[in-house]
2 protein chains.
Amino acid sequence: MHQNFKSYLLRKGGLTPAEYEQITSYIRAKKIKKGSYLLREGEICTLTFFVEAGLLRLYRLDEAGKEHILQFASESWLVSDRGSVYFKAPSKCYIDAIEDSTVILLDEEFFTQINAVSKGFRKYNERLLQNHIRHLNDRINRLLSASAKERYLAFIKLYPDVLLRVPQWMVASYLGIKPESLSRVRKDLASSHQKPT
Amino acid sequence: MHQNFKSYLLRKGGLTPAEYEQITSYIRAKKIKKGSYLLREGEICTLTFFVEAGLLRLYRLDEAGKEHILQFASESWLVSDRGSVYFKAPSKCYIDAIEDSTVILLDEEFFTQINAVSKGFRKYNERLLQNHIRHLNDRINRLLSASAKERYLAFIKLYPDVLLRVPQWMVASYLGIKPESLSRVRKDLASSHQKPT
DNA sequence: CGCGTGATTGAAACCCTTCAAGTTTAGTGG
DNA sequence: CCACTAAACTTGAAGGGTTTCAATCACGCG
């Protein structure tokens with residue numbers, strides 16, 4: 001029921017098998033249907049979600065009511081509105097399932113517990129945070145400097161797995177362009193490259 | 001020589017005066033001239049800079065050699081390439097001075113020391129990190145959803161002090177538009193609003 | 001003074017969006 | 001398994017916003 005999460009904690013999270021045993025009782029899994037929500041705007045995000053199976057997205061609405069995807073999360077990714085969790089402030093985000101998914105629900109108690117049990121995890125978590133910032137900076141840089149086509153190519157390189165599993169209009173939303181534009185970008189790439197994918 | 005830094009540590013950093021006394025010997029200040037560099041692409045960023053006085057910028061170059069400003073830092077702001085510091089990896093960024101400035105140089109030893117001395121600072125630093133992420137997400141969202149004019153208006157609200165101290169072409173670089181476009185945006189705002197600034 | 005940097009303005013080009021079909025794909029119920 | 005419908009994707013033409021290129025203006029500084 002949470003094999004991915006276990007190997008994630010052991011292989012990347014810095015936990016020893018013994019430490020892992022000490023926190024298993026705090027692990028709660030939940031199955032959710034495609035389209036259902038884990039977080040809505042205005043709510044305080046109290047949980048962090050580990051994707052055991054499936055695919056989630058984190059997005060916001062602008063004043064015009066249009067979606068803008070901030071992040072995709074497939075197997076073995078963590079997703080939450082960190083700011084809302086940390087500051088216990090109402091979130092501006094939505095999190096929902098793009099596919100039927102199984103998620104591990106990580107609450108404050110879980111983190112307290114795992115930090116008490118494992119020194120390694122604390123380090124890993126810090127590392128994760130730093131990595132997150134690096135990614136966000138990269139993305140900002142790309143939005144500042146790259147064209148739609150360049151951003152799409154970068155997306156393919158960074159998230160080849162996600163690309164095949166999400167509808168194109170969501171990719172467009174992530175890239176900050178319209179679905180029609182992405183369609184044209186793809187057409188253009190297909191005609192120059194001889195491999196249309 | 002570092003009044004701002006002192007009151008920053010006491011008022012925001014969570015240090016008591018006694019704790020502050022214990023770390024003063026680790027504080028190094030440096031004066032730098034407008035235009036001089038604190039970090040260049042390819043270097044490993046070992047220092048974090050606290051702006052005691054003046055104004056710095058953090059930027060990158062794209063493949064075409066054009067600058068894209070990621071962050072401004074005026075008095076009492078911290079700036080560094082966190083990723084490079086944390087992972088001891090070559091930076092893709094530049095940091096230079098927009099005005100003659102005085103910066104406090106914070107190295108690994110300083111952080112080790114202050115964390116050993118002050119429990120409050122560790123908490124504050126965590127808070128800072130979370131806040132940083134929140135800001136980056138806000139910016140990404142703005143780049144995804146807002147027009148040049150909207151981004152400019154948001155910039156005015158967020159950094160009214162910086163606005164008056166940097167040349168317009170740098171603001172344009174931060175916003176992800178060309179100086180000419182910013183000029184037109186401003187002209188447009190001046191004619192609709194009756195107050196041209 | 002004159003030079004260089006930054007800001008402005010204009011015209012044309014370009015990229016992306018908008019709107020409006022049409023086509024394909026996927027999901028559902030008979 | 002097919003028929004039907006809705007959603008997703010494609011395509012075209014027109015429009016808007018931003019860029020590009022080039023010229024001009026304003027200003028500060030040696």
# chains A, B, ... in the order shown; residues from 1 in each chain; ligands from 1
call {"tool": "interface_residues", "arguments": {"of": "chain C", "to": "chain B", "cutoff": "9 Å", "atoms": "only C-alpha atoms (C1' of nucleotides)", "output": "ChimeraX atom specification"}}
result
/C:6-9
call {"tool": "closest_atom_pairs", "arguments": {"of": "chain A", "to": "chain B", "cutoff": "6 Å", "atoms": "only C-alpha atoms", "output": "Markdown table"}}
result
| residue | atom | partner | partner_atom | distance |
| --- | --- | --- | --- | --- |
| A:Gly83 | CA | B:Arg134 | CA | 5.7 |
| A:Arg134 | CA | B:Gly83 | CA | 5.7 |
| A:Ile140 | CA | B:Ile140 | CA | 6.0 |
| A:Leu144 | CA | B:Gly176 | CA | 4.7 |
| A:Gly176 | CA | B:Leu144 | CA | 4.7 |
call {"tool": "write_last_selection", "arguments": {"atoms": "N, CA and C atoms", "output": "PDB file, in the first residue's frame"}}
result
ATOM      1  N   GLY A  83       4.001  27.202   1.760  1.00  0.00           N
ATOM      2  CA  GLY A  83       3.748  28.449   2.463  1.00  0.00           C
ATOM      3  C   GLY A  83       2.550  28.321   3.381  1.00  0.00           C
ATOM      4  N   ARG A 134      15.961  26.091  -6.127  1.00  0.00           N
ATOM      5  CA  ARG A 134      16.747  26.059  -7.349  1.00  0.00           C
ATOM      6  C   ARG A 134      15.838  25.849  -8.574  1.00  0.00           C
ATOM      7  N   ILE A 140      11.705  30.499 -13.331  1.00  0.00           N
ATOM      8  CA  ILE A 140      11.556  31.946 -13.518  1.00  0.00           C
ATOM      9  C   ILE A 140      12.458  32.405 -14.644  1.00  0.00           C
ATOM     10  N   LEU A 144      11.425  34.177 -18.145  1.00  0.00           N
ATOM     11  CA  LEU A 144      11.936  35.496 -18.508  1.00  0.00           C
ATOM     12  C   LEU A 144      12.622  35.489 -19.859  1.00  0.00           C
ATOM     13  N   GLY A 176       2.582  28.488 -19.638  1.00  0.00           N
ATOM     14  CA  GLY A 176       2.133  29.872 -19.719  1.00  0.00           C
ATOM     15  C   GLY A 176       1.707  30.284 -21.111  1.00  0.00           C
TER      16      GLY A 176
END
call {"tool": "closest_atom_pairs", "arguments": {"of": "chain D", "to": "chain B", "cutoff": "12 Å", "atoms": "only C-alpha atoms (C1' of nucleotides)", "output": "tab-separated table"}}
result
residue	atom	partner	partner_atom	distance
D:DG16	C1'	B:Ser147	CA	11.7
D:DG17	C1'	B:Ser147	CA	8.6
D:DT18	C1'	B:Ser181	CA	6.8
D:DT19	C1'	B:Lys178	CA	7.4
D:DT20	C1'	B:Glu180	CA	10.0
D:DC21	C1'	B:Glu180	CA	11.5
call {"tool": "select_by_dssp", "arguments": {"residues": "region 39-196 of chain A", "states": "alpha helix (DSSP H)", "output": "VMD selection string"}}
result
chain A and resid 82 to 87 108 to 117 119 to 145 148 to 158 160 to 163 168 to 175 179 to 192
call {"tool": "residues_around", "arguments": {"residues": "DT28 (chain C)", "least_positions_apart": "2", "cutoff": "10 Å", "atoms": "only C-alpha atoms (C1' of nucleotides)", "output": "PyMOL selection string"}}
result
(chain C and resi 26+30) or (chain D and resi 4-5)
call {"tool": "write_last_selection", "arguments": {"atoms": "N, CA and C atoms (P, O5', C5', C4', C3', O3' and C1' of nucleotides)", "output": "PDB file, in the first residue's frame"}}
result
ATOM      1  P    DA C  26      -7.612   8.530 -27.232  1.00  0.00           P
ATOM      2  O5'  DA C  26      -8.831   8.819 -26.249  1.00  0.00           O
ATOM      3  C5'  DA C  26      -8.943  10.108 -25.620  1.00  0.00           C
ATOM      4  C4'  DA C  26     -10.075  10.076 -24.622  1.00  0.00           C
ATOM      5  C3'  DA C  26     -10.244   8.719 -23.930  1.00  0.00           C
ATOM      6  O3'  DA C  26     -10.580   8.943 -22.573  1.00  0.00           O
ATOM      7  C1'  DA C  26     -12.215   9.265 -25.107  1.00  0.00           C
ATOM      8  P    DG C  30     -28.798   4.141 -20.704  1.00  0.00           P
ATOM      9  O5'  DG C  30     -29.024   3.375 -22.066  1.00  0.00           O
ATOM     10  C5'  DG C  30     -29.367   4.140 -23.245  1.00  0.00           C
ATOM     11  C4'  DG C  30     -29.161   3.274 -24.468  1.00  0.00           C
ATOM     12  C3'  DG C  30     -30.039   2.005 -24.502  1.00  0.00           C
ATOM     13  O3'  DG C  30     -30.661   1.884 -25.768  1.00  0.00           O
ATOM     14  C1'  DG C  30     -27.755   1.432 -24.773  1.00  0.00           C
TER      15       DG C  30
ATOM     16  P    DC D   4     -26.367   7.400 -33.067  1.00  0.00           P
ATOM     17  O5'  DC D   4     -25.877   8.183 -31.767  1.00  0.00           O
ATOM     18  C5'  DC D   4     -26.465   7.873 -30.489  1.00  0.00           C
ATOM     19  C4'  DC D   4     -25.790   8.708 -29.422  1.00  0.00           C
ATOM     20  C3'  DC D   4     -25.606  10.174 -29.816  1.00  0.00           C
ATOM     21  O3'  DC D   4     -26.170  10.993 -28.804  1.00  0.00           O
ATOM     22  C1'  DC D   4     -23.558   9.254 -29.049  1.00  0.00           C
ATOM     23  P    DT D   5     -26.361  12.589 -29.023  1.00  0.00           P
ATOM     24  O5'  DT D   5     -25.308  13.192 -28.009  1.00  0.00           O
ATOM     25  C5'  DT D   5     -25.253  12.664 -26.668  1.00  0.00           C
ATOM     26  C4'  DT D   5     -23.937  13.055 -26.050  1.00  0.00           C
ATOM     27  C3'  DT D   5     -23.552  14.507 -26.292  1.00  0.00           C
ATOM     28  O3'  DT D   5     -23.600  15.184 -25.041  1.00  0.00           O
ATOM     29  C1'  DT D   5     -21.708  13.019 -26.637  1.00  0.00           C
TER      30       DT D   5
END
call {"tool": "residues_around", "arguments": {"residues": "DA14 (chain D)", "least_positions_apart": "4", "cutoff": "12 Å", "atoms": "only C-alpha atoms (C1' of nucleotides)", "output": "number ranges by chain"}}
result
C: 17-20
call {"tool": "closest_residue", "arguments": {"among": "C:DG2, C:DG29, C:DA13, C:DT23", "to": "DC1 (chain D)", "atoms": "only C-alpha atoms (C1' of nucleotides)"}}
result
C:DG29
call {"tool": "atom_distance", "arguments": {"atom1": "CA of Ile104 (chain B)", "atom2": "CA of Leu78 (chain B)"}}
result
9.4 Å
